[in-house]
Amino acid sequence: MARHRIAAPWLRLVAAGAVIVVLLARVGTAPFVRAVDGVTVPATLTALAATLVTTTCCAWRWTWTARRLNLDLDVRAAIPAYYRSQFLNVSLPGGVLGDVHRALQHGVDTAAVPGAARAVVWDRALGQTALIATAGVAMVWLPSAGRATSLLTLGVLLAVVTVLLGWLVAAARRGKRAAATAVAELRRIASRDVWLPMSLSVVAVLGHLLVLVTAARAAGVAVPLLGSVPLLVTVLLGSSLPVSLAGWGPREGTAAWVFATAGLGAADGVTVAALYGVLTFIAVLPGAVLVLSDVLPQRLHWRQA
């Protein structure tokens with residue numbers, strides 16, 4: 001069991017690296033160079049504004065979730081913590097280390113590390129649920145040349161979610177403590193006012209979509225606005241997978257796949273996804289300032305000591 005826990009993170013990194021290697025072999029470096037060239041002032045300002053809105057919505061959702069688990073958390077403290085976690089997610093391998101840091105810091109502050117960790121898991125679960133729901137609506141109601149591919153991706157994710165929920169219920173019935181706790185917390189979260197975090201999550205998804213559309217426009221990739229939404233939502237589904245090298249890998253692989261099946265070209269898909277990654281990194285740089293503000297005083301203290 002311990003070997004599996006140690007090997008799993010490395011396997012995820014290897015998988016993400018393999019996706020990047022395959023993409024480089026297929027489309028070369030030109031789409032990535034084109035993505036860097038596509039960074040413009042208007043695109044950057046749009047990404048910064050959209051990310052401010054999405055981060056605020058996600059921090060508010062996290063606050064709501066933590067309070068449902070009887071943990072103290074103020075939205076004014078949650079916003080900088082979320083910025084910090086997003087920066088770490090897009091800077092470090094795995095794509096989830098920022099969330100781990102956010103959970104540990106909140107757990108230390110509240111003297112409830114296990115509960116804080118579960119609050120972050122539920123926070124991300126609500127976000128994923130909203131993303132899948134938004135993807136389903138977009139794929140069913142909006143026209144798209146890659147509808148079959150998008151629906152296949154959505155179906156796979158729904159199957160995974162169904163299996164996980166079934167496992168939780170079965171484990172709870174067998175009396176497993178962790179699963180029973182998860183089911184009890186799910187009942188707390190699935191309350192009458194769950195519409196609030198779900199609405200915040202949908203707004204966050206729309207913010208990420210805006211950055212993707214901005215990336216497509218800045219890269220000069222001509223795609224119809226409504227027709228591209230299902231494709232771009234599918235790219236967001238791929239980017240949400242916790243199998244990446246600082247966010248890179250599944251996002252570009254998914255974009256290459258759905259753009260190619262839609263007849264738009266794999267290279268254009270990689271360009272859009274890569275530019276989205278660059279714009280997202282720039283947009284979460286306020287988190288880097290927060291990380292430095294945490295680290296520098298400690299280093300100065302060590303040197304003085």
# chains A, B, ... in the order shown; residues from 1 in each chain; ligands from 1

call {"tool": "residues_around", "arguments": {"residues": "region 61-74 of chain A", "least_positions_apart": "4", "cutoff": "7 Å", "atoms": "only C-alpha atoms", "output": "PyMOL selection string"}}
result
chain A and resi 57+78+110+119-120+122-123+188-189+197+200

call {"tool": "write_last_selection", "arguments": {"atoms": "C-alpha atoms", "output": "compact mmCIF listing (two decimals), in the first residue's frame"}}
result
# COMPACT_ATOMS: atom_id res chain seq x y z
CA CYS A 57 -16.03 33.23 -6.44
CA ALA A 78 -9.78 33.07 1.72
CA THR A 110 -8.04 26.35 12.99
CA ALA A 119 -13.12 21.19 3.21
CA VAL A 120 -10.67 21.78 0.35
CA TRP A 122 -15.31 19.32 -1.07
CA ASP A 123 -14.54 22.79 -2.40
CA ARG A 188 -24.46 18.75 5.08
CA ILE A 189 -23.17 20.24 1.85
CA PRO A 197 -21.66 27.61 -4.12
CA LEU A 200 -20.37 30.77 -7.75

call {"tool": "residues_around", "arguments": {"residues": "Val213 (chain A)", "least_positions_apart": "4", "cutoff": "12 Å", "atoms": "only C-alpha atoms", "output": "PyMOL selection string"}}
result
chain A and resi 43+46-47+50+206-209+217-233+235-236+269+272-273+275-276+279

call {"tool": "atom_distance", "arguments": {"atom1": "CA of Gly277 (chain A)", "atom2": "CA of Phe32 (chain A)"}}
result
10.4 Å

call {"tool": "residues_around", "arguments": {"residues": "Val113 (chain A)", "least_positions_apart": "2", "cutoff": "12 Å", "atoms": "only C-alpha atoms", "output": "PDB file with C-alpha atoms, in the first residue's frame"}}
result
ATOM      1  CA  ALA A  66     -15.610  25.229   5.392  1.00  0.00           C
ATOM      2  CA  LEU A  71     -14.646  25.455  10.438  1.00  0.00           C
ATOM      3  CA  VAL A 100      -2.515  20.943  -0.244  1.00  0.00           C
ATOM      4  CA  HIS A 101      -0.773  24.057   1.100  1.00  0.00           C
ATOM      5  CA  ARG A 102      -4.120  25.861   1.400  1.00  0.00           C
ATOM      6  CA  ALA A 103      -5.601  22.963   3.366  1.00  0.00           C
ATOM      7  CA  LEU A 104      -2.597  22.636   5.693  1.00  0.00           C
ATOM      8  CA  GLN A 105      -2.428  26.371   6.391  1.00  0.00           C
ATOM      9  CA  HIS A 106      -6.133  26.549   7.163  1.00  0.00           C
ATOM     10  CA  GLY A 107      -5.841  23.413   9.268  1.00  0.00           C
ATOM     11  CA  VAL A 108      -3.009  24.905  11.327  1.00  0.00           C
ATOM     12  CA  ASP A 109      -4.917  28.166  11.785  1.00  0.00           C
ATOM     13  CA  THR A 110      -8.038  26.348  12.988  1.00  0.00           C
ATOM     14  CA  ALA A 111      -6.244  23.472  14.769  1.00  0.00           C
ATOM     15  CA  GLY A 115     -11.315  18.833   8.618  1.00  0.00           C
ATOM     16  CA  ALA A 116      -9.583  21.607   6.672  1.00  0.00           C
ATOM     17  CA  ALA A 117      -8.258  19.051   4.193  1.00  0.00           C
ATOM     18  CA  ARG A 118     -11.746  17.659   3.654  1.00  0.00           C
ATOM     19  CA  ALA A 119     -13.118  21.191   3.209  1.00  0.00           C
ATOM     20  CA  VAL A 120     -10.669  21.775   0.347  1.00  0.00           C
TER      21      VAL A 120
END

call {"tool": "closest_residue", "arguments": {"among": "A:Gly94, A:Pro80, A:Gly17, A:Gly155", "to": "Ala133 (chain A)", "atoms": "only C-alpha atoms"}}
result
A:Gly155

call {"tool": "atom_distance", "arguments": {"atom1": "CA of Leu131 (chain A)", "atom2": "CA of Ser199 (chain A)"}}
result
11.0 Å

call {"tool": "atom_distance", "arguments": {"atom1": "CA of Ala216 (chain A)", "atom2": "CA of Thr55 (chain A)"}}
result
21.8 Å

call {"tool": "residues_around", "arguments": {"residues": "Ala266 (chain A)", "least_positions_apart": "5", "cutoff": "8 Å", "atoms": "only C-alpha atoms", "output": "count of residues only"}}
result
7
